[in-house]
Amino acid sequence: MTVTTTASAGPRDDREPAPATPPSPRKGRRPGRALPYLLLLPALLLEILVHLLPIVIGVAMSFRELTQFSLRDWGAAPWRGLDNFRLVVDLDAPAGQALLRSFVTTCLFTVASVGLCWLLGTAAAVCLQDTFRGRGLLRALFLVPYALPVYTAVITWSFMFQRDNGLVNYVLHDQLGLLDSPSFWLIGDNSFWALLTVSVWKGWPFAFLVVMAGLQNVDREMYEAAALDGAGRWQQLRRITLPSLRPVSQVLVLVLFLWTFNDFNTPFVLFGKAAPEAADLVSIHIYQSSFATWNFGAGSAMSVLLLLFLLLVTGVYLFLTSRERRVSRG
Amino acid sequence: MADPSRYPPPSRAVRSVRSVRSPMAPPRSFLWSRRIFLTLLSAFVLLPVYVMASSSLKPLQDVSGKFRWLPSGLTVRPYLDIWETVPLAHYFVNSLIVAGAATVCSVVIAVFAAYAVSRYRFRGKRLFTVTVLSTQMFPGILFLLPLFLLFVNIGNATGVALFGSRGGLILTYLTFSLPFSVWMLIGYFESVPRELDEAALVDGCGPLRALLRVVVPAAVPGIVAVAVYAFMTAWGEVLFASVMTDETTRTLAVGLQGYSTQNDVYWNQIMAASLVVSVPVVAGFLLLQRYLVAGLTAGAVK
Amino acid sequence: MRRIRARAVRAAAGGAAVLSLLAAATACGGGTSASGGSGESSKTLTYWASNQGPNIEADKKILEPELRKFEKRTGIKVKLEVVPWSDLLNRIMTAATSGQGPDVLNIGNTWSASLQATGALRPWDEASLEKIGGRDRFVESALGSTGAQGQDPAAVPLYSMSYALYYHKKMFAEAGIAGPPATWDELVATGKKLSRDGTWALGAEGANLSNNIHQVFVLGKQHGADFFDAQGRPDFTSDGAVKAVKQYVDFMAEDKIIAPGNAEYAQNQSLSDFAKGRTAMVLWQAAASTFASQGMADDEWGVAPVPVASGAPGQGTSTNSMVAGINLAVFKNTRNVDGALKFVKFMTSDEEQRLLCSTYGSIPPVKAAQTDPAFDRPELKVLRSTLATSAQALPQVPNESQFETVVGTAVKNLFAAAAGGRAVSEESVRAELTKAQAQMAQG
């Protein structure tokens with residue numbers, strides 16, 4: 001006789017375990033094989049929906065001619081093979097040159113920004129390592145740029161960077177006399193420095209936060225031992241603090257690199273849709289190539305190349321740092 | 001049943017942030033360099049904050065003319081006008097719903113995923129962590145248009161409106177913060193001794209119960225840290241919000257553009273509105289920063 | 001073992017709970033986007049209006065009474081969304097792609113051909129035009145900016161504008177200048193007298209791409225250059241185009257009658273400089289309401305036609321304005337064509353045209369509405385006669401909006417170079433324009 005589950009479950013007290021179920025073994029129990037997968041399922045589904053599928057579509061788009069004529073029925077857009085890629089890497093043509101210039105700019109910007117963020121963050125975290133009066137206040141203060149929503153921070157900076165009415169020129173030119181004439185910060189070559197300033201201002205507190213956390217894991221006794229050996233503060237910093245922070249810094253630098261390299265919000269809010277050449281980061285460049293000139297195929301091709309580059313850099317970086325760790329351990 | 005309070009690594013981490021005494025008094029050179037460095041750094045950090053606060057109290061002619069450190073006259077007019085020029089309250093509510101829901105969902109999903117990774121051995125585990133982490137390096141610009149098209153097609157096929165709705169934005173944002181959250185929580189859960197939840201399992205709890213009753217309470221700092229991160233990610237995003245929202249679902253990040261109008265740029269109102277939308281986030285962040293350090297200490301940096 | 005499976009089921013239930021939470025979250029936003037689906041019944045319409053007034057809220061206050069009037073007459077409820085200019089083109093593009101958009105929308109008239117090419121707008125064939133009173137109700141020049149030639153218009157004109165030279169009477173009087181310049185040579189000569197002691201002769205919006213385009217398009221016409229050839233292919237590097245761009249940038253670089261700071265202006269700061277008496281002239285379209293909002297009385301400024309190379313404004317090389325304006329289009333995916341046409345008829349009716357155009361300070365593109373005394377102000381007389389006799393539509397080509405972006409950016413870069421003290425030569429102008437043209441060729 002077959003009894004449906006609901007029928008049998010009906011009259012029975014739900015809290016009573018089913019008699020057929022044996023008590024779980026106390027030791028060496030193996031959980032249901034499906035459980036970890038079930039736990040991962042929501043995360044996996046979302047990653048697939050929001051990240052992986054769109055990437056696949058993006059790659060597919062990079063092989064097509066996708067403009068305002070074909071966008072409405074994008075599945076039927078004409079196939080162009082590698083033409084989009086050829087176009088964007090052709091260094092004899094302006095499009096390829098522009099992409100290369102934008103790429104170089106982005107690399108310089110990222111290296112400078114990540115370096116400065118790391119430097120300021122580490123220095124500040126080391127400075128706040130001991131207790132002194134006002135330390136808590138400073139720590140809170142230093143975290144403010146990180147906590148501010150990106151657009152409010154960047155809008156404020158763009159207000160300060162105005163040529164005629166901004167604070168930066170007022171201080172540098174009118175008050176300190178460092179500049180012969182007021183400079184432009186939001187257009188022209190100086191826009192690189194403006195972007196770097198904003199990016200560092202916004203980004204260093206994250207480095208500070210992470211390094212501060214990393215310092216919690218440095219063994220106190222090492223300092224005490226070093227102090228007994230007569231090592232001064234500077235030596236302790238060089239011999240203990242910085243080496244101990246190495247693993248943390250490695251992860252931090254990678255994360256900062258990826259975030260900075262892909263940053264869109266900062267230049268977009270600072271300069272609007274047409275960034276000046278000196279601050280034309282790849283993300284903005286791609287945005288302009290796809291959304292302003294409606295050439296989504298070429299834009300996708302650029303994005304795909306960018307992704308490949310990032311994968312390569314990350315892979316090499318992880319390989320080098322993990323080998324170094326193995327070497328230093330062995 | 002094991003008592004979770006017997007294993008207090010996170011709270012120890014919280015405490016140790018505070019009091020660290022150096023074994024030796026630092027030399028003068030160190031003290032002075034520190035003083036100078038911290039002063040300069042504070043000035044750098046404070047400058048925009050000061051500009052934001054002071055400009056928000058200036059009359060319009062002060063902010064559309066040459067910069068001045070002190071207002072020619074204080075006025076609270078901008079704070080009253082911001083609600084008229086742009087439906088700020090409406091955008092505020094939208095941002096709150098979107099960021100709040102994205103945070104809650106992101107944390108819940110990340111907790112499940114991180115628990116699975118930190119406590120179970122299963123096939124595909126490494127593939128999962130590598131895939132999730134590698135999505136961190138996807139340039140947003142690459143999947144903006146595809147995601148938009150995908151949402152549109154899902155909408156057309158199923159009638160579930162994702163594009164233009166808060167739901168679509170919530171899905172997007174929660175996925176943005178998910179990789180970092182999962183990664184941090186895996187680290188944090190590793191720092192919660194396995195004996196804890198094993199004891200709970202032995203006492204007859206199911207794995208989910210063990211997670212909710214034992215692991216989660218012991219991992220509160222890590223979870224708070226992840227929640228703060230998720231909230232900030234959603235609160236500040238511009239690119240996707242500008243494409244995926246309409247008037248009714250517009251978030252603050254996009255809505256603030258409304259202050260530069262056909263006639264004038266109301267800088268004092270922009271600054272006032274910026275301050276108004278920043279204060280809740282900054283205050284919340286500073287209140288929770290201790291957890292953040294603790295969460296990072298145990299989670300991400302080990 | 002079974003018990004463990006039961007736990008797994010509970011875990012799955014947990015996962016399902018999360019998903020349903022998501023579904024709920026999705027649903028809570030879902031209600032709004034029904035508006036994106038174009039009008040479920042014939043009783044509603046969604047209307048996207050561009051930002052014409054001082055700000056978005058002001059626009060709502062102006063338009064909503066009119067929409068209620070329309071509802072009273074036809075029983076059709078119109079849902080209004082005022083879209084900021086920064087978003088408008090992107091929003092229309094996403095609507096075109098997704099098929100989820102409004103029923104009726106405003107477009108910048110220069111985008112007509114671009115948007116026509118996406119196939120998202122409903123063509124105005126003769127039958128549809130008849131329903132709103134026929135083609136002849138509209139001013140000819142305004143109809144010239146509603147889509148590619150030889151095709152049914154993609155939109156109908158709603159508000160028209162043209163460029164004029166606005167001058168600051170007091171600054172002119174103080175510099176001893178009798179009247180506004182009529183040719184560019186006069187403008188430069190006058191400008192040199194006006195540019196002194198921190199005041200400048202001419203304002204520009206160097207970082208505003210569209211504004212740059214409007215100016216160099218007209219100068220291009222005066223040098224006999226079009227930016228597109230007869231086949232609609234970009235032709236940015238002709239001698240005339242180079243001369244036109246150089247002439248515009250030279251007002252700052254060579255003649256030094258535009259303040260260098262204007263190179264980064266993109267948000268109408270030049271108007272506020274004008275109102276403050278820092279700049280004596282601006283080339284603008286329908287600026288009266290902005291001046292008023294900046295506290296300037298109407299008799300403090302004067303209006304004259306935009307200068308030409310020589311002689312009087314007219315057609316061909318005497319063109320002195322682009323045909324500026326806003327068009328009204330019907331979205332192809334609308335499920336309420338009838339209602340949409342009724343709404344367009346309402347918005348282009350003589351009565352609404354008089355009311356809305358006089359409120360916004362623009363010119364009605366509907367002939368019958370122009371006779372209203374509200375449009376007899378000196379400013380509007382100049383704008384009207386410009387529109388009727390010496391304005392030309394921007395190229396009606398599908399690539400038009402790309403053209404605005406890339407050439408607008410080229411001019412912006414040249415202004416940045418000029419402001420930074422770098423020389424602007426024919427070579428540097430040609431190099432920028434070559435680069436711009438190459439970006440177009442990608443498409």
# chains A, B, ... in the order shown; residues from 1 in each chain; ligands from 1
$ residues_around --residues "Leu254 in chain A" --least-positions-apart "4" --cutoff "9 Å" --atoms "only C-alpha atoms" --output "mmCIF file with C-alpha atoms, in the first residue's frame"
data_model
loop_
_atom_site.group_PDB
_atom_site.id
_atom_site.type_symbol
_atom_site.label_atom_id
_atom_site.label_comp_id
_atom_site.auth_asym_id
_atom_site.auth_seq_id
_atom_site.Cartn_x
_atom_site.Cartn_y
_atom_site.Cartn_z
ATOM 1 C CA SER A 249 49.971 43.940 1.732
ATOM 2 C CA GLN A 250 50.093 41.438 -1.066
ATOM 3 C CA LEU A 258 41.566 45.566 -9.438
ATOM 4 C CA TRP A 259 39.303 48.198 -7.941
ATOM 5 C CA THR A 314 46.119 38.623 -11.476
ATOM 6 C CA TYR A 317 50.671 38.156 -9.444
ATOM 7 C CA LEU A 318 49.153 35.257 -7.544
#
$ interface_residues --of "chain B" --to "chain C" --cutoff "8 Å" --atoms "only C-alpha atoms" --output "PDB file with C-alpha atoms, in the first residue's frame"
ATOM      1  CA  GLU B  84      12.102  71.386  -3.530  1.00  0.00           C
ATOM      2  CA  THR B  85      14.606  71.365  -6.379  1.00  0.00           C
ATOM      3  CA  VAL B  86      14.838  67.599  -6.558  1.00  0.00           C
ATOM      4  CA  PRO B  87      12.573  64.929  -4.996  1.00  0.00           C
ATOM      5  CA  ALA B 101      17.605  44.841   0.715  1.00  0.00           C
ATOM      6  CA  CYS B 105      20.286  39.396   0.917  1.00  0.00           C
ATOM      7  CA  VAL B 108      22.465  35.922   4.140  1.00  0.00           C
ATOM      8  CA  ILE B 109      23.655  34.393   0.903  1.00  0.00           C
ATOM      9  CA  LEU B 149      19.710  43.102 -22.199  1.00  0.00           C
ATOM     10  CA  VAL B 152      15.001  43.000 -20.460  1.00  0.00           C
ATOM     11  CA  ASN B 153      14.736  39.530 -21.980  1.00  0.00           C
ATOM     12  CA  VAL B 160       9.109  39.685 -13.954  1.00  0.00           C
ATOM     13  CA  ALA B 161      10.210  43.237 -14.428  1.00  0.00           C
ATOM     14  CA  LEU B 162      13.874  43.487 -13.512  1.00  0.00           C
ATOM     15  CA  PHE B 163      14.912  46.383 -15.686  1.00  0.00           C
ATOM     16  CA  GLY B 164      13.772  49.699 -14.285  1.00  0.00           C
ATOM     17  CA  SER B 165      12.700  48.125 -11.028  1.00  0.00           C
ATOM     18  CA  ARG B 166      14.282  48.241  -7.617  1.00  0.00           C
ATOM     19  CA  GLY B 167      14.414  44.455  -7.676  1.00  0.00           C
ATOM     20  CA  GLY B 168      16.790  44.398 -10.616  1.00  0.00           C
ATOM     21  CA  ILE B 170      18.959  44.930  -5.684  1.00  0.00           C
ATOM     22  CA  LEU B 171      19.964  41.759  -7.505  1.00  0.00           C
ATOM     23  CA  GLY B 206      21.125  20.234  12.285  1.00  0.00           C
ATOM     24  CA  PRO B 207      23.906  21.856  10.284  1.00  0.00           C
ATOM     25  CA  LEU B 208      21.761  24.898   9.617  1.00  0.00           C
ATOM     26  CA  SER B 242      22.018  55.516 -14.227  1.00  0.00           C
ATOM     27  CA  VAL B 243      20.940  52.931 -16.775  1.00  0.00           C
ATOM     28  CA  GLU B 247      12.024  58.400 -12.180  1.00  0.00           C
ATOM     29  CA  THR B 248      10.207  56.234  -9.660  1.00  0.00           C
ATOM     30  CA  THR B 249      13.170  54.026  -8.794  1.00  0.00           C
ATOM     31  CA  GLY B 258      19.426  67.109 -10.633  1.00  0.00           C
ATOM     32  CA  SER B 260      22.750  71.320 -11.837  1.00  0.00           C
ATOM     33  CA  THR B 261      19.822  72.639 -13.786  1.00  0.00           C
ATOM     34  CA  GLN B 262      19.179  74.627 -16.914  1.00  0.00           C
ATOM     35  CA  ASN B 263      19.624  77.897 -15.081  1.00  0.00           C
ATOM     36  CA  ASP B 264      22.384  77.473 -12.596  1.00  0.00           C
ATOM     37  CA  VAL B 265      24.488  75.051 -10.656  1.00  0.00           C
TER      38      VAL B 265
END
$ residues_around --residues "Val303 in chain C" --least-positions-apart "3" --cutoff "7 Å" --atoms "only C-alpha atoms" --output "ChimeraX atom specification"
/C:164-167,379
$ write_last_selection --atoms "C-alpha atoms" --output "short mmCIF file (atom, residue, chain, number, x, y, z; two decimals), in the first residue's frame"
data_model
loop_
_atom_site.label_atom_id
_atom_site.label_comp_id
_atom_site.auth_asym_id
_atom_site.auth_seq_id
_atom_site.Cartn_x
_atom_site.Cartn_y
_atom_site.Cartn_z
CA ALA C 164 20.80 85.09 -30.87
CA LEU C 165 23.46 87.41 -29.56
CA TYR C 166 22.58 88.62 -26.07
CA TYR C 167 24.48 91.69 -24.92
CA GLU C 379 13.92 88.92 -28.01
#
$ closest_atom_pairs --of "chain A" --to "chain C" --cutoff "8 Å" --atoms "only C-alpha atoms" --output "Markdown table"
| residue | atom | partner | partner_atom | distance |
| --- | --- | --- | --- | --- |
| A:Thr21 | CA | C:Arg3 | CA | 5.6 |
| A:Pro22 | CA | C:Met1 | CA | 7.2 |
| A:Pro23 | CA | C:Arg3 | CA | 7.8 |
| A:Ser24 | CA | C:Met1 | CA | 7.1 |
| A:Pro31 | CA | C:Ile4 | CA | 6.7 |
| A:Gly32 | CA | C:Ile4 | CA | 6.0 |
| A:Ala34 | CA | C:Ala8 | CA | 6.9 |
| A:Leu35 | CA | C:Ala8 | CA | 5.3 |
| A:Leu38 | CA | C:Ala12 | CA | 5.8 |
| A:Leu39 | CA | C:Gly15 | CA | 6.6 |
| A:Leu41 | CA | C:Gly15 | CA | 7.3 |
| A:Pro42 | CA | C:Gly15 | CA | 6.5 |
| A:Thr67 | CA | C:Gly443 | CA | 6.9 |
| A:Gln68 | CA | C:Thr118 | CA | 5.3 |
| A:Phe69 | CA | C:Thr118 | CA | 4.9 |
| A:Ser70 | CA | C:Thr118 | CA | 7.3 |
| A:Leu71 | CA | C:Thr97 | CA | 5.9 |
| A:Arg72 | CA | C:Thr97 | CA | 4.4 |
| A:Asp73 | CA | C:Thr97 | CA | 7.5 |
| A:Leu87 | CA | C:Gln442 | CA | 7.7 |
| A:Ala93 | CA | C:Ala438 | CA | 7.8 |
| A:Pro94 | CA | C:Lys435 | CA | 6.1 |
| A:Ala95 | CA | C:Gln439 | CA | 6.3 |
| A:Arg163 | CA | C:Gly261 | CA | 6.4 |
| A:Asp164 | CA | C:Gly261 | CA | 6.3 |
| A:Ser183 | CA | C:Gly420 | CA | 7.6 |
| A:Phe184 | CA | C:Gly420 | CA | 7.4 |
| A:Leu186 | CA | C:Glu264 | CA | 7.0 |
| A:Ile187 | CA | C:Ala416 | CA | 6.0 |
| A:Gly188 | CA | C:Ala416 | CA | 5.4 |
| A:Ala274 | CA | C:Thr409 | CA | 6.7 |
| A:Pro276 | CA | C:Asn413 | CA | 7.2 |
| A:Phe291 | CA | C:Asn90 | CA | 7.7 |
| A:Ala292 | CA | C:Gln402 | CA | 6.4 |
| A:Thr293 | CA | C:Gln402 | CA | 4.7 |
| A:Trp294 | CA | C:Gln402 | CA | 7.4 |
| A:Asn295 | CA | C:Gly443 | CA | 5.8 |
| A:Ala298 | CA | C:Gln442 | CA | 7.7 |
$ write_last_selection --atoms "C-alpha atoms" --output "PDB file, in the first residue's frame"
ATOM      1  CA  THR A  21      15.262   7.542  11.005  1.00  0.00           C
ATOM      2  CA  PRO A  22      18.178   6.071  12.859  1.00  0.00           C
ATOM      3  CA  PRO A  23      19.974   8.373  15.289  1.00  0.00           C
ATOM      4  CA  SER A  24      22.849  10.029  13.552  1.00  0.00           C
ATOM      5  CA  PRO A  31      26.770  15.264   5.944  1.00  0.00           C
ATOM      6  CA  GLY A  32      24.377  14.922   3.069  1.00  0.00           C
ATOM      7  CA  ALA A  34      23.826  17.856  -1.415  1.00  0.00           C
ATOM      8  CA  LEU A  35      24.003  20.186   1.550  1.00  0.00           C
ATOM      9  CA  LEU A  38      22.382  23.758  -1.565  1.00  0.00           C
ATOM     10  CA  LEU A  39      24.093  26.299   0.624  1.00  0.00           C
ATOM     11  CA  LEU A  41      23.112  27.558  -4.666  1.00  0.00           C
ATOM     12  CA  PRO A  42      21.815  31.085  -4.101  1.00  0.00           C
ATOM     13  CA  THR A  67      25.180  49.837 -33.411  1.00  0.00           C
ATOM     14  CA  GLN A  68      21.998  51.803 -33.045  1.00  0.00           C
ATOM     15  CA  PHE A  69      20.661  50.124 -36.185  1.00  0.00           C
ATOM     16  CA  SER A  70      20.985  46.612 -34.836  1.00  0.00           C
ATOM     17  CA  LEU A  71      20.650  47.128 -31.100  1.00  0.00           C
ATOM     18  CA  ARG A  72      16.903  46.774 -31.066  1.00  0.00           C
ATOM     19  CA  ASP A  73      17.183  43.240 -32.373  1.00  0.00           C
ATOM     20  CA  LEU A  87      39.936  47.540 -35.123  1.00  0.00           C
ATOM     21  CA  ALA A  93      44.617  53.639 -36.779  1.00  0.00           C
ATOM     22  CA  PRO A  94      43.422  56.338 -34.371  1.00  0.00           C
ATOM     23  CA  ALA A  95      41.034  53.989 -32.581  1.00  0.00           C
ATOM     24  CA  ARG A 163      39.551  76.895 -12.121  1.00  0.00           C
ATOM     25  CA  ASP A 164      38.004  80.243 -11.305  1.00  0.00           C
ATOM     26  CA  SER A 183      45.522  76.136 -13.560  1.00  0.00           C
ATOM     27  CA  PHE A 184      42.831  73.986 -15.006  1.00  0.00           C
ATOM     28  CA  LEU A 186      39.198  69.342 -14.767  1.00  0.00           C
ATOM     29  CA  ILE A 187      40.356  69.740 -18.362  1.00  0.00           C
ATOM     30  CA  GLY A 188      43.783  69.434 -19.969  1.00  0.00           C
ATOM     31  CA  ALA A 274      33.927  63.047 -22.063  1.00  0.00           C
ATOM     32  CA  PRO A 276      40.057  64.756 -20.847  1.00  0.00           C
ATOM     33  CA  PHE A 291      27.408  54.500 -25.099  1.00  0.00           C
ATOM     34  CA  ALA A 292      28.379  57.807 -26.663  1.00  0.00           C
ATOM     35  CA  THR A 293      29.197  56.564 -30.141  1.00  0.00           C
ATOM     36  CA  TRP A 294      26.829  53.618 -29.973  1.00  0.00           C
ATOM     37  CA  ASN A 295      29.357  51.134 -31.173  1.00  0.00           C
ATOM     38  CA  ALA A 298      33.876  47.578 -30.499  1.00  0.00           C
TER      39      ALA A 298
END
$ interface_residues --of "chain A" --to "chain B" --cutoff "7 Å" --atoms "only C-alpha atoms" --output "MDAnalysis selection string"
chainID A and resid 26 36 39:40 42:43 46:47 50:51 54:55 57:58 127 130:131 140 142 144:145 147:152 156:157 164:167 170 201 209:210 213:214 216 224 227 233 248 258 262 265 283 287 300 303 307 310
$ atom_distance --atom1 "CA of Gly133 in chain C" --atom2 "CA of Lys367 in chain C"
12.0 Å
$ atom_distance --atom1 "CA of Ile107 in chain C" --atom2 "CA of Ile326 in chain C"
5.8 Å
$ residues_around --residues "Leu121 in chain C" --least-positions-apart "4" --cutoff "8 Å" --atoms "only C-alpha atoms" --output "MDAnalysis selection string"
chainID C and resid 115:116 154:155 329:332
$ select_by_dssp --residues "range 88-213 of chain C" --states "strand (DSSP E or B)" --output "list in words"
Val104, Leu105, Asn106, Ile107, Gly108, Leu121, Phe138, Val156, Pro157, Leu158, Tyr159, Ser160, Met161, Tyr163, Ala164, Leu165, Tyr166, Tyr167, His168, Thr183, Arg196, Thr199, Trp200, Ala201, Leu202 and Gly203 of chain C
$ residues_around --residues "Gly73 in chain B" --least-positions-apart "3" --cutoff "10 Å" --atoms "only C-alpha atoms" --output "list in words"
Leu57, Lys58, Pro59, Asp62 and Leu70 of chain B
$ write_last_selection --atoms "C-alpha atoms" --output "compact mmCIF listing (two decimals), in the first residue's frame"
# COMPACT_ATOMS: atom_id res chain seq x y z
CA LEU B 57 25.69 76.99 4.69
CA LYS B 58 26.69 79.65 2.18
CA PRO B 59 24.36 81.79 0.10
CA ASP B 62 29.34 82.77 -2.32
CA LEU B 70 34.27 81.68 5.59
$ atom_distance --atom1 "CA of Arg213 in chain B" --atom2 "CA of Ile97 in chain B"
27.8 Å
